[in-house]
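Quick notes on the structure that follows.
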Amino acid sequence: MTQSGDSGAQQKSAIAPVILLHPDDNILVCVKQFHPGDEISIDGENIISEIDIAVGHKIARTALSAGDKVYRYGAPIGSMTEAVAKGAHVHMHNMKSDYIPSHTRTRQNKDRSES
Amino acid sequence: MNNNVSFNGWLRADGRKGIRNVIVVAYLVECAHHVTRRIVNLVDDMDVHLIGFPGCYPNQYAYDMMRAVCTHPNVGGALLVSLGCESMNREKLLRDILATNRPAELLVIQETGGTKATIDAGIAAVARLQSEAAKVARVPMYLNELIVGTICGGSDGTSGISANPAVGRCFDALVAADAVCIFEETGELIGCETIMADRAITPELGEEIEACVAKAEHYYRVMGFGSFAPGNADGGLTTLEEKSMGAYSKSGSSPISGLIKPGDIPPAGGLYLLDVVPDGEPRFGFPNISDNAEIIELIACGSHVILFTTGRGSVVGSAISPVIKVCANPETYRRLAGDMDVNAGRILEGEATLDEVGEEILQNVIAVASGKRSVSEDLGHQEFILTYKAFEPIGPSCLPVRQMA
């Protein structure tokens, strides 16, 4: 597990704008800011980003359905709450924890969906 | 790894060695905080640190932590400042510190004549402690005598890709050199319990690790919040288990030699997990209200140096032990370069490998152990926080190394 996160970042090469951390993952991590209109290459297919996506954020590697487990580092990190297309931003608005709900500055206790 | 790396340490009477010779000035209740802070500010020496406990009610954990940090090998002397009516057992604390052959003094504000008289007396006491501490022998110190703790703060989606696995590489090198490495944040290891248990050196220790993470999950559920800050979400992390997987990579790939609690000193070189979540039903609120509460627990376990990874950009340091900042996110590094020791964001920009950054972190550890100020230390960061908690002693399966010894 510990080593699996390294595969994408280990090679010294030109900046890969998105990286795959583990072959089983269904999300990719952005290591460069994306703007609307930017092209993102996912497994050889080019997708046009429709929104800003910041460094450290995730996009869907494939189309995902509500209830699908999300995999990062080859391990489950939560579940989708709605379906998204390949290349979509995967974050608080469409996925949730399978353990303890996350909070933000605006989404505190009472508004959180209990998992 | 060159096992002959050595630096000059301060030899303490208990045989442990320190990489700093700090004088701590400790308030024993919030009511003594101002007087204590004035003493430290007026002395104005980078190696005189303000620490303290704010509570008036008794707490065994707080006492044990104060004793552990006042007798830490980086500490050359201690001045205790009491108001006079609080619960902390000041005479016992003073005796416990003196029993380690450290110079220590106690001032009770109510008996010393109030604010001004105690500040004056405190400044004079610190001067005496400094001159005593200066007499401590310097001796060669080796990596196998070093204890290094790690923590992440202000994590984002890059932490688990760059800075955390790079610290893991550094930990692997240190463990190979028979140093002690400690990772913690059991509330941020929720989701990693099974894979972590598989790395334990005995099956019984593995069960203890799983139970300890289950305890953390229960505790945070009762609190109503996981260990997940809004900034984590801003930085692309969506769930606690996602944050956990990234945090976990700080531990590297060595076997886990033991499970300890705050104040337990690991008995031999190796990788240890520090359980920071209180035992029993939740009583005093969140396990650790902010990063420095965890840092001070790592220090109470003997950590000489702390490796602090950050994505969003934490600026904190610590009293007693230097903090080395490893920045995960290249954009954060550009904004906060003056607060960072290592730019692990270079990994994401294709300018360095994990192994290279891991080696750079290790070289920073050796340099700081040899006396170089870390960036946060040089900026004067000396944060310290200690709050109420309750712990049971560790179970018999938690330290297989000690049983074998």
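Letters for chains follow the order of the structure tokens (A, B, ...), residue numbers begin at 1 for each chain, and ligand numbers begin at 1 in the order shown.
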For this session: For Pro76 of chain A, list every protein, DNA or RNA residue within 9 Å, evaluated using only C-alpha atoms, and leave out those in the same chain fewer than 2 positions away; present the list as a PyMOL selection string.
Result: (chain A and resi 25+69-74+78-79+98) or (chain B and resi 191+241-242)
For this session: Counting only C-alpha atoms, collect the residues of chain B whose closest atom lies at most 8 Å from chain A, and write them out as a PyMOL selection string.
Result: chain B and resi 156-158+160-162+165+190-191+195+217+220-221+224-226+228-231+233+235-242+245+248-249+252-253+329+347-354
Problem set entry | Option closest in space to Gly84 of chain B, from B:Ile361, B:Ala62, B:Cys56, B:Ala68 [counting only C-alpha atoms] | B:Cys56
Strand (DSSP E or B) call set, DSSP backbone run, segment 15-109 of chain A, as a CSV table (one decimal) with C-alpha atoms, in the first residue's frame:
```csv
chain,number,residue,atom,x,y,z
A,18,VAL,CA,-3.0,14.3,-14.1
A,19,ILE,CA,-1.5,11.2,-12.4
A,27,ILE,CA,-9.9,8.7,-10.3
A,28,LEU,CA,-6.9,10.7,-11.4
A,29,VAL,CA,-5.2,13.5,-9.3
A,30,CYS,CA,-4.5,16.9,-10.9
A,34,PHE,CA,-6.9,23.2,-15.2
A,39,GLU,CA,-7.5,19.3,-22.7
A,40,ILE,CA,-7.0,16.4,-20.3
A,41,SER,CA,-5.7,13.1,-21.6
A,42,ILE,CA,-7.3,10.1,-19.8
A,45,GLU,CA,-8.7,9.8,-24.8
A,46,ASN,CA,-8.8,13.6,-24.7
A,47,ILE,CA,-11.5,15.3,-22.6
A,48,ILE,CA,-12.1,19.0,-22.5
A,53,ILE,CA,-9.8,22.1,-11.3
A,58,LYS,CA,-9.6,14.5,-8.4
A,59,ILE,CA,-11.3,13.8,-11.8
A,60,ALA,CA,-13.2,10.6,-12.8
A,64,LEU,CA,-19.1,6.5,-12.4
A,69,LYS,CA,-16.7,3.0,-4.5
A,70,VAL,CA,-14.0,5.5,-5.3
A,71,TYR,CA,-10.5,4.1,-5.4
A,72,ARG,CA,-7.3,6.1,-4.8
A,75,ALA,CA,-7.8,1.6,-1.8
A,76,PRO,CA,-11.5,2.7,-1.3
A,77,ILE,CA,-11.7,6.3,-0.1
A,78,GLY,CA,-15.5,6.7,-0.2
A,79,SER,CA,-18.6,6.3,-2.4
A,80,MET,CA,-20.2,8.3,-5.2
A,84,VAL,CA,-20.6,11.5,-13.2
A,89,HIS,CA,-14.5,16.8,-10.9
A,90,VAL,CA,-15.0,14.2,-8.1
A,95,MET,CA,-19.0,11.7,-3.2
A,96,LYS,CA,-19.0,10.9,0.5
```
Problem set entry | Close residues, segment 296-307 of chain B itself excluded, 6 Å, only C-alpha atoms, min 6 positions apart in chain, as number ranges by chain | B: 68-69, 147-150, 262-265, 321-324
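Put simply, atom CA of Asp44 of chain B is 20.7 Å away from atom CA of Lys135 of chain B.
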Contact residues around Lys325 of chain B with only C-alpha atoms at 6 Å, ignoring same-chain residues under 6 positions, as an mmCIF file with C-alpha atoms, in the first residue's frame:
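The resulting file, result.cif, is reproduced below:
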```cif
data_model
loop_
_atom_site.group_PDB
_atom_site.id
_atom_site.type_symbol
_atom_site.label_atom_id
_atom_site.label_comp_id
_atom_site.auth_asym_id
_atom_site.auth_seq_id
_atom_site.Cartn_x
_atom_site.Cartn_y
_atom_site.Cartn_z
ATOM 1 C CA PHE B 308 5.873 18.174 9.540
ATOM 2 C CA THR B 309 4.333 17.734 6.085
ATOM 3 C CA MET B 340 9.468 25.674 4.423
ATOM 4 C CA ASP B 341 12.609 23.558 4.802
#
```
Problem set entry | Nearby residues (only C-alpha atoms) at most 6 Å from Gly52 of chain B, same-chain spacing under 5 positions excluded, as an MDAnalysis selection string | chainID B and resid 26:28
Expected file contents, prior selection, C-alpha atoms, as a PDB file, in the first residue's frame:
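The result, stored in selection.pdb:
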```
ATOM      1  CA  ALA B  26       6.311  26.621  32.433  1.00  0.00           C
ATOM      2  CA  TYR B  27       3.097  28.086  33.768  1.00  0.00           C
ATOM      3  CA  LEU B  28       1.142  25.552  35.787  1.00  0.00           C
TER       4      LEU B  28
END
```
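The gap separating atom CA of Arg283 of chain B from atom CA of Ser397 of chain B is 26.1 Å, in Å to one decimal.
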Problem set entry | Shell around Leu129 of chain B at 7 Å using only C-alpha atoms, local window under 5 positions removed, as a PyMOL selection string | chain B and resi 77+103-104
Exercise. Between atom CA of Arg312 of chain B and atom CA of Leu273 of chain B, what is the spacing in Å?
Worked result: 24.6 Å
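When only C-alpha atoms are used to measure the gap to Ile51 of chain A, the shortest distance among A:Gly87, A:Ala63, A:Asp68, A:Thr81 belongs to A:Gly87.
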For this session: Just the residues within 9 Å of Glu331 of chain B, please, counting only C-alpha atoms, with nothing from its chain fewer than 3 positions along; format it as an MDAnalysis selection string.
Result: (chainID A and resid 55) or (chainID B and resid 334:336 345)
